[in-house]
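**Student:** Just structure-v3.cif, nothing more (mmCIF, C-alpha atoms):
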```cif
data_run
loop_
_atom_site.label_atom_id
_atom_site.label_comp_id
_atom_site.auth_asym_id
_atom_site.auth_seq_id
_atom_site.Cartn_x
_atom_site.Cartn_y
_atom_site.Cartn_z
CA MET A 1 -47.17 -29.01 -0.41
CA SER A 2 -45.74 -27.60 2.78
CA GLU A 3 -47.27 -25.00 5.05
CA LEU A 4 -44.87 -22.43 3.64
CA ASP A 5 -45.80 -22.98 0.00
CA ASN A 6 -47.56 -19.99 -1.55
CA ILE A 7 -47.46 -18.23 1.78
CA PRO A 8 -50.52 -15.96 2.04
CA ASN A 9 -49.96 -12.59 3.65
CA GLN A 10 -52.35 -13.23 6.53
CA ASN A 11 -49.68 -15.62 7.90
CA ILE A 12 -47.26 -12.74 8.13
CA SER A 13 -47.52 -10.78 11.33
CA GLN A 14 -47.31 -7.00 11.57
CA ASP A 15 -43.96 -7.43 13.33
CA ASP A 16 -42.64 -9.49 10.42
CA LEU A 17 -43.88 -6.90 7.91
CA ALA A 18 -42.08 -4.20 9.88
CA LYS A 19 -38.94 -6.35 9.99
CA LEU A 20 -39.12 -6.93 6.23
CA LEU A 21 -39.59 -3.23 5.57
CA GLN A 22 -36.54 -2.52 7.70
CA LEU A 23 -34.50 -5.18 5.87
CA LEU A 24 -35.35 -3.65 2.50
CA GLU A 25 -33.69 -0.43 3.57
CA THR A 26 -30.49 -1.72 5.06
CA GLU A 27 -27.34 -3.32 3.72
CA PRO A 28 -26.03 -6.41 5.57
CA SER A 29 -24.27 -5.31 8.74
CA THR A 30 -21.64 -8.07 8.82
CA PRO A 31 -18.67 -7.32 6.55
CA LEU A 32 -17.43 -10.19 4.38
CA GLN A 33 -14.29 -11.82 5.69
CA ASP A 34 -12.04 -13.86 3.41
CA GLU A 35 -12.05 -16.96 5.60
CA TRP A 36 -15.85 -16.99 5.77
CA LEU A 37 -16.12 -16.54 2.01
CA LEU A 38 -13.64 -19.37 1.41
CA LYS A 39 -15.51 -21.69 3.79
CA TYR A 40 -18.78 -20.72 2.09
CA GLN A 41 -17.23 -21.57 -1.27
CA GLU A 42 -16.06 -24.90 0.15
CA GLY A 43 -19.50 -25.65 1.62
CA LYS A 44 -18.12 -25.72 5.17
CA LEU A 45 -20.45 -23.23 6.84
CA LYS A 46 -23.52 -23.92 8.96
CA PRO A 47 -26.87 -22.81 7.42
CA GLU A 48 -27.11 -19.78 9.73
CA GLU A 49 -23.57 -18.73 8.74
CA GLU A 50 -24.39 -19.26 5.05
CA HIS A 51 -27.41 -17.02 5.53
CA ILE A 52 -25.14 -14.17 6.70
CA ILE A 53 -23.01 -14.43 3.53
CA GLU A 54 -26.08 -14.77 1.31
CA GLN A 55 -27.57 -11.53 2.62
CA TRP A 56 -24.94 -9.86 0.42
CA LEU A 57 -26.21 -11.76 -2.64
CA ALA A 58 -29.47 -9.83 -2.59
CA THR A 59 -27.68 -6.46 -2.66
CA GLN A 60 -26.49 -4.49 -5.65
CA THR A 61 -22.85 -4.40 -4.59
CA PRO A 62 -19.52 -5.80 -5.86
CA GLU A 63 -19.82 -8.37 -3.05
CA SER A 64 -22.96 -9.80 -4.64
CA GLU A 65 -21.22 -10.38 -7.99
CA ALA A 66 -18.14 -11.78 -6.25
CA ILE A 67 -20.13 -14.37 -4.27
CA GLU A 68 -21.95 -15.34 -7.45
CA GLY A 69 -18.63 -15.83 -9.25
CA LEU A 70 -17.03 -17.73 -6.35
CA LYS A 71 -20.03 -20.04 -6.04
CA THR A 72 -19.49 -21.31 -9.61
CA LEU A 73 -15.84 -22.25 -8.98
CA ASN A 74 -15.08 -25.84 -7.95
CA LYS A 75 -14.95 -26.36 -4.20
CA GLY A 76 -11.55 -25.32 -2.85
CA GLN A 77 -10.51 -23.65 -6.11
CA ALA A 78 -10.95 -20.14 -4.71
CA ARG A 79 -8.42 -20.81 -1.94
CA HIS A 80 -5.96 -22.15 -4.53
CA LEU A 81 -6.39 -19.14 -6.84
CA GLN A 82 -6.05 -16.72 -3.94
CA HIS A 83 -2.84 -18.42 -2.83
CA ASN A 84 -1.39 -18.27 -6.37
CA LEU A 85 -2.27 -14.61 -6.81
CA HIS A 86 -0.87 -13.59 -3.44
CA ALA A 87 2.40 -15.35 -4.29
CA SER A 88 2.48 -13.69 -7.70
CA ILE A 89 1.79 -10.23 -6.24
CA ASN A 90 4.55 -10.71 -3.64
CA LYS A 91 6.98 -11.75 -6.39
CA THR A 92 6.11 -8.71 -8.54
CA ILE A 93 6.54 -6.34 -5.59
CA LYS A 94 9.86 -7.96 -4.60
CA ASN A 95 11.22 -7.62 -8.16
CA LYS A 96 10.15 -3.98 -8.41
CA ARG A 97 11.74 -3.22 -5.03
CA LYS A 98 14.97 -4.97 -6.12
CA LYS A 99 15.14 -2.88 -9.30
CA ARG A 100 14.54 0.27 -7.29
CA SER A 101 17.19 -0.57 -4.71
CA GLN A 102 19.73 -1.31 -7.49
CA GLN A 103 19.05 2.00 -9.26
CA PRO A 104 20.72 4.34 -6.72
CA GLN A 105 23.84 2.13 -6.61
CA TYR A 106 24.42 2.72 -10.32
CA ILE A 107 23.87 6.45 -9.88
CA THR A 108 26.38 6.58 -6.98
CA THR A 109 28.99 4.65 -8.97
CA TYR A 110 28.58 6.91 -12.01
CA ALA A 111 28.80 10.02 -9.78
CA ILE A 112 32.06 8.81 -8.13
CA ILE A 113 33.62 8.05 -11.52
CA LEU A 114 32.56 11.49 -12.83
CA VAL A 115 34.02 13.30 -9.80
CA LEU A 116 37.30 11.37 -10.11
CA LEU A 117 37.44 12.11 -13.82
CA LEU A 118 36.86 15.85 -13.23
CA ALA A 119 39.51 15.83 -10.48
CA CYS A 120 42.03 14.20 -12.84
CA ILE A 121 41.24 16.71 -15.62
CA GLY A 122 41.58 19.57 -13.13
CA PHE A 123 44.86 18.19 -11.86
CA ILE A 124 46.25 17.86 -15.41
CA ILE A 125 45.14 21.40 -16.30
CA LEU A 126 46.77 22.78 -13.14
CA LYS A 127 50.00 20.92 -13.95
CA ILE A 128 50.02 22.31 -17.48
CA TYR A 129 49.50 25.89 -16.20
CA ALA A 130 52.14 25.39 -13.50
CA HIS A 131 54.73 24.33 -16.15
CA LYS A 132 53.94 27.45 -18.23
CA MET B 1 8.63 -9.09 3.34
CA PRO B 2 5.80 -8.90 5.96
CA SER B 3 2.41 -10.39 5.09
CA TYR B 4 -0.47 -8.10 4.11
CA LYS B 5 -2.28 -9.44 7.18
CA THR B 6 0.23 -7.57 9.38
CA TYR B 7 -1.35 -4.32 8.21
CA GLN B 8 -4.97 -5.41 8.41
CA HIS B 9 -5.60 -2.72 11.03
CA LEU B 10 -4.91 -0.02 8.41
CA SER B 11 -7.80 1.18 6.25
CA ASP B 12 -7.62 1.15 2.44
CA GLU B 13 -7.16 4.92 2.51
CA GLU B 14 -4.24 4.65 4.93
CA LEU B 15 -2.50 2.08 2.72
CA ILE B 16 -2.87 4.42 -0.25
CA MET B 17 -1.57 7.32 1.80
CA ARG B 18 1.52 5.29 2.74
CA PHE B 19 2.01 4.39 -0.92
CA HIS B 20 1.87 8.07 -1.93
CA GLN B 21 4.24 9.06 0.90
CA THR B 22 6.88 6.37 0.28
CA ALA B 23 6.30 5.42 -3.41
CA ASP B 24 6.76 1.84 -2.19
CA ASN B 25 4.64 -0.67 -4.15
CA PHE B 26 4.51 -2.88 -1.08
CA TRP B 27 1.51 -0.84 0.14
CA LEU B 28 -0.34 -1.35 -3.13
CA GLY B 29 0.41 -5.06 -2.82
CA CYS B 30 -1.19 -5.07 0.66
CA LEU B 31 -4.21 -3.24 -0.70
CA PHE B 32 -4.61 -5.63 -3.59
CA GLN B 33 -4.09 -8.80 -1.57
CA ARG B 34 -6.78 -7.69 0.84
CA HIS B 35 -9.31 -7.61 -2.03
CA THR B 36 -7.97 -10.52 -4.12
CA LEU B 37 -10.76 -12.97 -3.25
CA LEU B 38 -13.45 -10.46 -4.11
CA LEU B 39 -11.78 -9.77 -7.46
CA ILE B 40 -11.41 -13.51 -8.21
CA GLY B 41 -15.17 -13.86 -7.71
CA ILE B 42 -15.96 -10.88 -9.93
CA ALA B 43 -13.53 -12.01 -12.65
CA HIS B 44 -14.91 -15.55 -12.57
CA LYS B 45 -18.46 -14.28 -12.86
CA TYR B 46 -17.57 -12.67 -16.19
CA MET B 47 -14.86 -14.98 -17.55
CA LYS B 48 -16.50 -18.25 -16.40
CA ASP B 49 -13.09 -19.94 -16.35
CA ALA B 50 -10.76 -20.23 -13.36
CA ALA B 51 -7.51 -19.77 -15.29
CA LEU B 52 -8.86 -16.76 -17.20
CA ALA B 53 -10.14 -15.25 -13.97
CA GLU B 54 -6.73 -15.66 -12.32
CA ASP B 55 -5.06 -14.07 -15.32
CA ALA B 56 -7.54 -11.18 -15.31
CA VAL B 57 -6.91 -10.37 -11.64
CA GLN B 58 -3.14 -10.51 -12.24
CA GLN B 59 -3.46 -8.13 -15.21
CA VAL B 60 -5.62 -5.72 -13.23
CA PHE B 61 -3.01 -5.63 -10.49
CA LEU B 62 -0.23 -4.87 -13.00
CA LYS B 63 -2.37 -2.13 -14.57
CA ALA B 64 -3.05 -0.59 -11.15
CA LEU B 65 0.64 -0.77 -10.30
CA GLN B 66 1.65 0.99 -13.53
CA SER B 67 -0.84 3.80 -13.35
CA PHE B 68 -2.18 4.25 -9.87
CA PRO B 69 -4.19 7.49 -9.75
CA GLN B 70 -2.66 10.42 -7.88
CA GLU B 71 -6.02 11.86 -6.91
CA PRO B 72 -7.76 10.38 -3.85
CA ILE B 73 -10.04 7.35 -4.39
CA LYS B 74 -13.27 7.58 -2.38
CA ASN B 75 -14.26 3.91 -2.59
CA VAL B 76 -11.28 1.61 -3.20
CA LYS B 77 -13.34 -1.57 -3.39
CA GLY B 78 -15.66 0.03 -5.94
CA TRP B 79 -12.69 1.30 -7.93
CA LEU B 80 -11.07 -2.17 -8.04
CA TYR B 81 -14.44 -3.67 -8.96
CA ILE B 82 -14.82 -1.34 -11.95
CA LEU B 83 -11.21 -1.97 -13.07
CA THR B 84 -11.74 -5.74 -12.92
CA ARG B 85 -15.15 -5.72 -14.56
CA ASN B 86 -14.00 -3.47 -17.39
CA HIS B 87 -10.88 -5.57 -17.97
CA CYS B 88 -13.00 -8.75 -18.16
CA LEU B 89 -15.51 -7.15 -20.53
CA GLN B 90 -12.66 -5.92 -22.72
CA GLN B 91 -11.20 -9.45 -22.84
CA LEU B 92 -14.57 -10.94 -23.68
CA ARG B 93 -15.13 -8.42 -26.49
CA GLN B 94 -11.67 -9.19 -27.91
CA HIS B 95 -12.20 -12.94 -27.89
CA HIS B 96 -15.90 -13.00 -28.78
CA PRO B 97 -16.46 -9.88 -30.94
CA TYR B 98 -19.79 -11.12 -32.30
CA GLN B 99 -21.25 -12.28 -29.01
CA SER B 100 -23.52 -9.78 -27.29
CA ILE B 101 -22.40 -9.05 -23.74
CA GLU B 102 -25.13 -8.53 -21.19
CA PRO B 103 -25.53 -4.91 -20.09
CA LEU B 104 -23.93 -3.85 -16.80
CA GLU B 105 -26.10 -3.71 -13.73
CA ASP B 106 -26.81 -0.24 -12.54
CA HIS B 107 -25.68 0.03 -8.91
CA SER B 108 -26.71 3.63 -8.51
CA SER B 109 -30.50 3.19 -8.63
CA ALA B 110 -30.69 1.51 -5.20
CA GLU B 111 -30.14 4.74 -3.31
CA GLU B 112 -33.15 6.51 -4.80
CA SER B 113 -35.62 3.78 -3.87
CA GLU B 114 -34.09 3.34 -0.40
CA THR B 115 -34.86 6.91 0.56
CA LEU B 116 -38.46 6.49 -0.52
CA VAL B 117 -39.05 3.06 1.02
CA THR B 118 -38.52 4.48 4.49
CA GLU B 119 -41.79 6.38 4.14
CA ALA B 120 -43.91 3.28 3.43
CA ASN B 121 -46.37 1.96 6.02
CA LEU B 122 -47.13 -1.66 6.93
CA HIS B 123 -50.36 -1.76 4.94
CA GLN B 124 -48.50 -0.70 1.78
CA MET B 125 -45.87 -3.32 2.56
CA GLU B 126 -48.57 -5.99 2.92
CA GLN B 127 -50.10 -5.01 -0.43
CA ALA B 128 -46.71 -5.01 -2.16
CA LEU B 129 -45.89 -8.45 -0.77
CA GLU B 130 -49.27 -9.73 -1.94
CA ALA B 131 -48.54 -8.48 -5.46
CA LEU B 132 -45.32 -10.51 -5.77
CA SER B 133 -45.32 -13.81 -7.64
CA PRO B 134 -45.82 -16.80 -5.29
CA GLU B 135 -42.24 -17.96 -5.91
CA GLN B 136 -40.78 -14.55 -5.09
CA ARG B 137 -42.96 -14.13 -2.01
CA GLN B 138 -42.09 -17.61 -0.76
CA SER B 139 -38.35 -17.12 -1.30
CA ILE B 140 -38.41 -13.66 0.33
CA VAL B 141 -40.28 -14.94 3.39
CA LEU B 142 -38.10 -18.03 3.80
CA PHE B 143 -34.89 -16.05 3.41
CA TYR B 144 -35.59 -12.84 5.31
CA LEU B 145 -38.11 -13.94 7.94
CA LYS B 146 -37.33 -17.62 8.49
CA LYS B 147 -33.57 -16.96 8.02
CA TYR B 148 -33.17 -20.00 5.73
CA SER B 149 -29.95 -20.37 3.76
CA TYR B 150 -30.16 -20.79 -0.04
CA GLU B 151 -29.45 -24.52 0.37
CA GLN B 152 -32.31 -24.86 2.83
CA ILE B 153 -34.65 -23.02 0.46
CA ILE B 154 -33.53 -25.31 -2.39
CA THR B 155 -34.22 -28.39 -0.26
CA HIS B 156 -37.55 -27.00 0.89
CA THR B 157 -38.91 -25.80 -2.44
CA GLY B 158 -37.06 -27.78 -5.10
CA TYR B 159 -35.97 -24.56 -6.86
CA THR B 160 -32.44 -24.38 -8.28
CA TYR B 161 -29.73 -22.13 -6.80
CA LEU B 162 -30.12 -19.64 -9.65
CA GLN B 163 -33.91 -19.58 -9.25
CA VAL B 164 -33.64 -18.88 -5.52
CA LYS B 165 -31.11 -16.13 -6.17
CA SER B 166 -33.28 -14.59 -8.86
CA TYR B 167 -36.53 -14.83 -6.84
CA ILE B 168 -34.92 -13.11 -3.85
CA GLN B 169 -33.10 -10.42 -5.88
CA ASN B 170 -36.05 -9.65 -8.14
CA GLY B 171 -38.55 -9.97 -5.32
CA LYS B 172 -36.62 -7.45 -3.25
CA ARG B 173 -36.31 -5.08 -6.21
CA ASN B 174 -40.02 -5.43 -7.07
CA LEU B 175 -41.02 -4.78 -3.46
CA LYS B 176 -38.95 -1.61 -3.43
CA ALA B 177 -40.34 -0.46 -6.77
CA MET B 178 -43.95 -1.11 -5.71
CA LEU B 179 -43.49 0.70 -2.40
CA GLN B 180 -41.88 3.60 -4.19
CA HIS B 181 -44.85 3.74 -6.58
CA LYS B 182 -47.41 3.56 -3.72
CA ILE B 183 -45.67 6.37 -1.81
CA LYS B 184 -45.65 8.58 -4.90
CA GLN B 185 -49.37 7.90 -5.43
CA HIS B 186 -50.23 8.62 -1.81
#
```
As structure tokens, what does this structure read like?

**Tutor:**
Amino acid sequence: MSELDNIPNQNISQDDLAKLLQLLETEPSTPLQDEWLLKYQEGKLKPEEEHIIEQWLATQTPESEAIEGLKTLNKGQARHLQHNLHASINKTIKNKRKKRSQQPQYITTYAIILVLLLACIGFIILKIYAHK
Amino acid sequence: MPSYKTYQHLSDEELIMRFHQTADNFWLGCLFQRHTLLLIGIAHKYMKDAALAEDAVQQVFLKALQSFPQEPIKNVKGWLYILTRNHCLQQLRQHHPYQSIEPLEDHSSAEESETLVTEANLHQMEQALEALSPEQRQSIVLFYLKKYSYEQIITHTGYTYLQVKSYIQNGKRNLKAMLQHKIKQH
């Protein structure tokens, strides 16, 4: 049994009670950064840095569920998945942009052909009227 | 194509504004890449499989790309979270129709208790802490006052990771509920 087991309240100072009351009200002040989360998932953070990430675990936020989910992945797997998804998103965006940039070219080509066709028809009609 | 990190100085709302102004999916890509890790974690929490989680996040991105709302989104992270969670739950229901899926956590209740907790005094706090189970009280004190990490608490107490997580989460919730109750009684 250690001194901290079954901690009685008389060991907790008024200052600590006030601190705890304050902590109950506030969300963690440090935003989650990807690199920190990845290092946490890989077990590469110092205990005091882990503590900062874990403050989010006790909240009712998407971050809490995300940390929980990341923690159950194999070490290093989160970085791998993130890399794959970023590559896949870039590819999707590139393809969509390509399609979009090709679209106006078709429209321009069709418009030129149509104008030329109308000009030819007009020219033929004029010729016919001129002969009459 | 520039990396999403190039535009890290822009807020989520600014990225969406640029998307609406230019109709260029690049901005949605930036927005999504910025939150990918968070979504992987959420998807893995529900799917419990790395490949399925990756697939879920990819599908959510394609869905968002196809039908991105025209009206302003107040909380982009929250919106992406709901999209991902709902997609995962839908997948789970399709593949395991007879398995009961645990109810969703209510994230809205926190606000109500927070406003009330501010009115509590130290004596009420002391009483509420005393009323917690020894495990919850110990985990709360080690985590919030001694600033121990979960690993340090595990080493110190012999609890598992899930136990520590549950003692801290439930302990915090119970403290809030008890304080709220005491304030109402007062």

**Student:** Skip range 54-71 of chain A itself and residues of its chain fewer than 5 positions away, then list as a PyMOL selection string all residues within 9 Å of it, counting all atoms listed in the file.

**Tutor:** (chain A and resi 27-28+32+37-38+40-42+49+77-78) or (chain B and resi 37-46+48+77-78+81-82+105-108+110+143-144+149-150+165-166+168-170+172)

**Student:** Run through the PyMOL selection byres ((chain A and resi 24) around 9) on the given coordinates and return the selected residues as a VMD selection string.

**Tutor:** (chain A and resid 19 to 23 25 to 27) or (chain B and resid 114 117 to 118 172 to 173 175 to 176)

**Student:** Could you check how far CA of Thr155 in chain B sits from CA of Val141 in chain B, in Å to one decimal?

**Tutor:**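 Separating CA of Thr155 in chain B from CA of Val141 in chain B is a distance of 15.2 Å.
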
**Student:** CA of Trp36 in chain A and CA of Glu48 in chain A are how many Å apart?

**Tutor:** 12.3 Å

**Student:** With distances taken over only C-alpha atoms, which of A:His51, A:Ala18, A:Gln82, A:Leu116 is nearest to Glu151 in chain B?

**Tutor:**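 Once distances to Glu151 in chain B are computed over only C-alpha atoms, the minimum belongs to A:His51.
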
**Student:** Between B:Ala50, B:Ala23, B:Leu65, B:Ala128, which residue has the minimum interatomic distance to Leu81 in chain A, considering only C-alpha atoms?

**Tutor:**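 Checking each candidate against Leu81 in chain A, we get B:Ala50 as the closest.
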
**Student:** For the atom pair CA of Met178 in chain B and CA of Lys146 in chain B, what is the interatomic distance in Å to one decimal place?

**Tutor:**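 The value is 22.8 Å.
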
**Student:** With distances taken over only C-alpha atoms, which residue among B:Ile140, B:Leu62, B:Ala120, B:Leu132 lies nearest Lys184 in chain B?

**Tutor:**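 For Lys184 in chain B, the nearest of the candidates is B:Ala120.
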
**Student:** Can you spell out as a list in words the set of residues that the PyMOL selection byres ((chain A and resi 89-95) around 8) selects in the structure I just provided?

**Tutor:**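 Taken on the displayed file, the PyMOL selection byres ((chain A and resi 89-95) around 8) yields the residues Leu85, His86, Ala87, Ser88, Lys96, Arg97, Lys98 and Lys99 of chain A; Asn25, Phe26, Gly29, Gln33, Gln58 and Phe61 of chain B.
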
**Student:** So what does the PyMOL selection byres ((chain B and resi 87) around 9) actually pick up in this one, as a ChimeraX atom specification?

**Tutor:** /B:43,56-57,59-60,82-86,88-92

**Student:** Could you tell me which of B:His9, B:Lys63, B:Tyr4, B:Glu130 comes closest to Trp27 in chain B if we count all atoms listed in the file?

**Tutor:**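 That would be B:Tyr4, the residue with the smallest distance to Trp27 in chain B.
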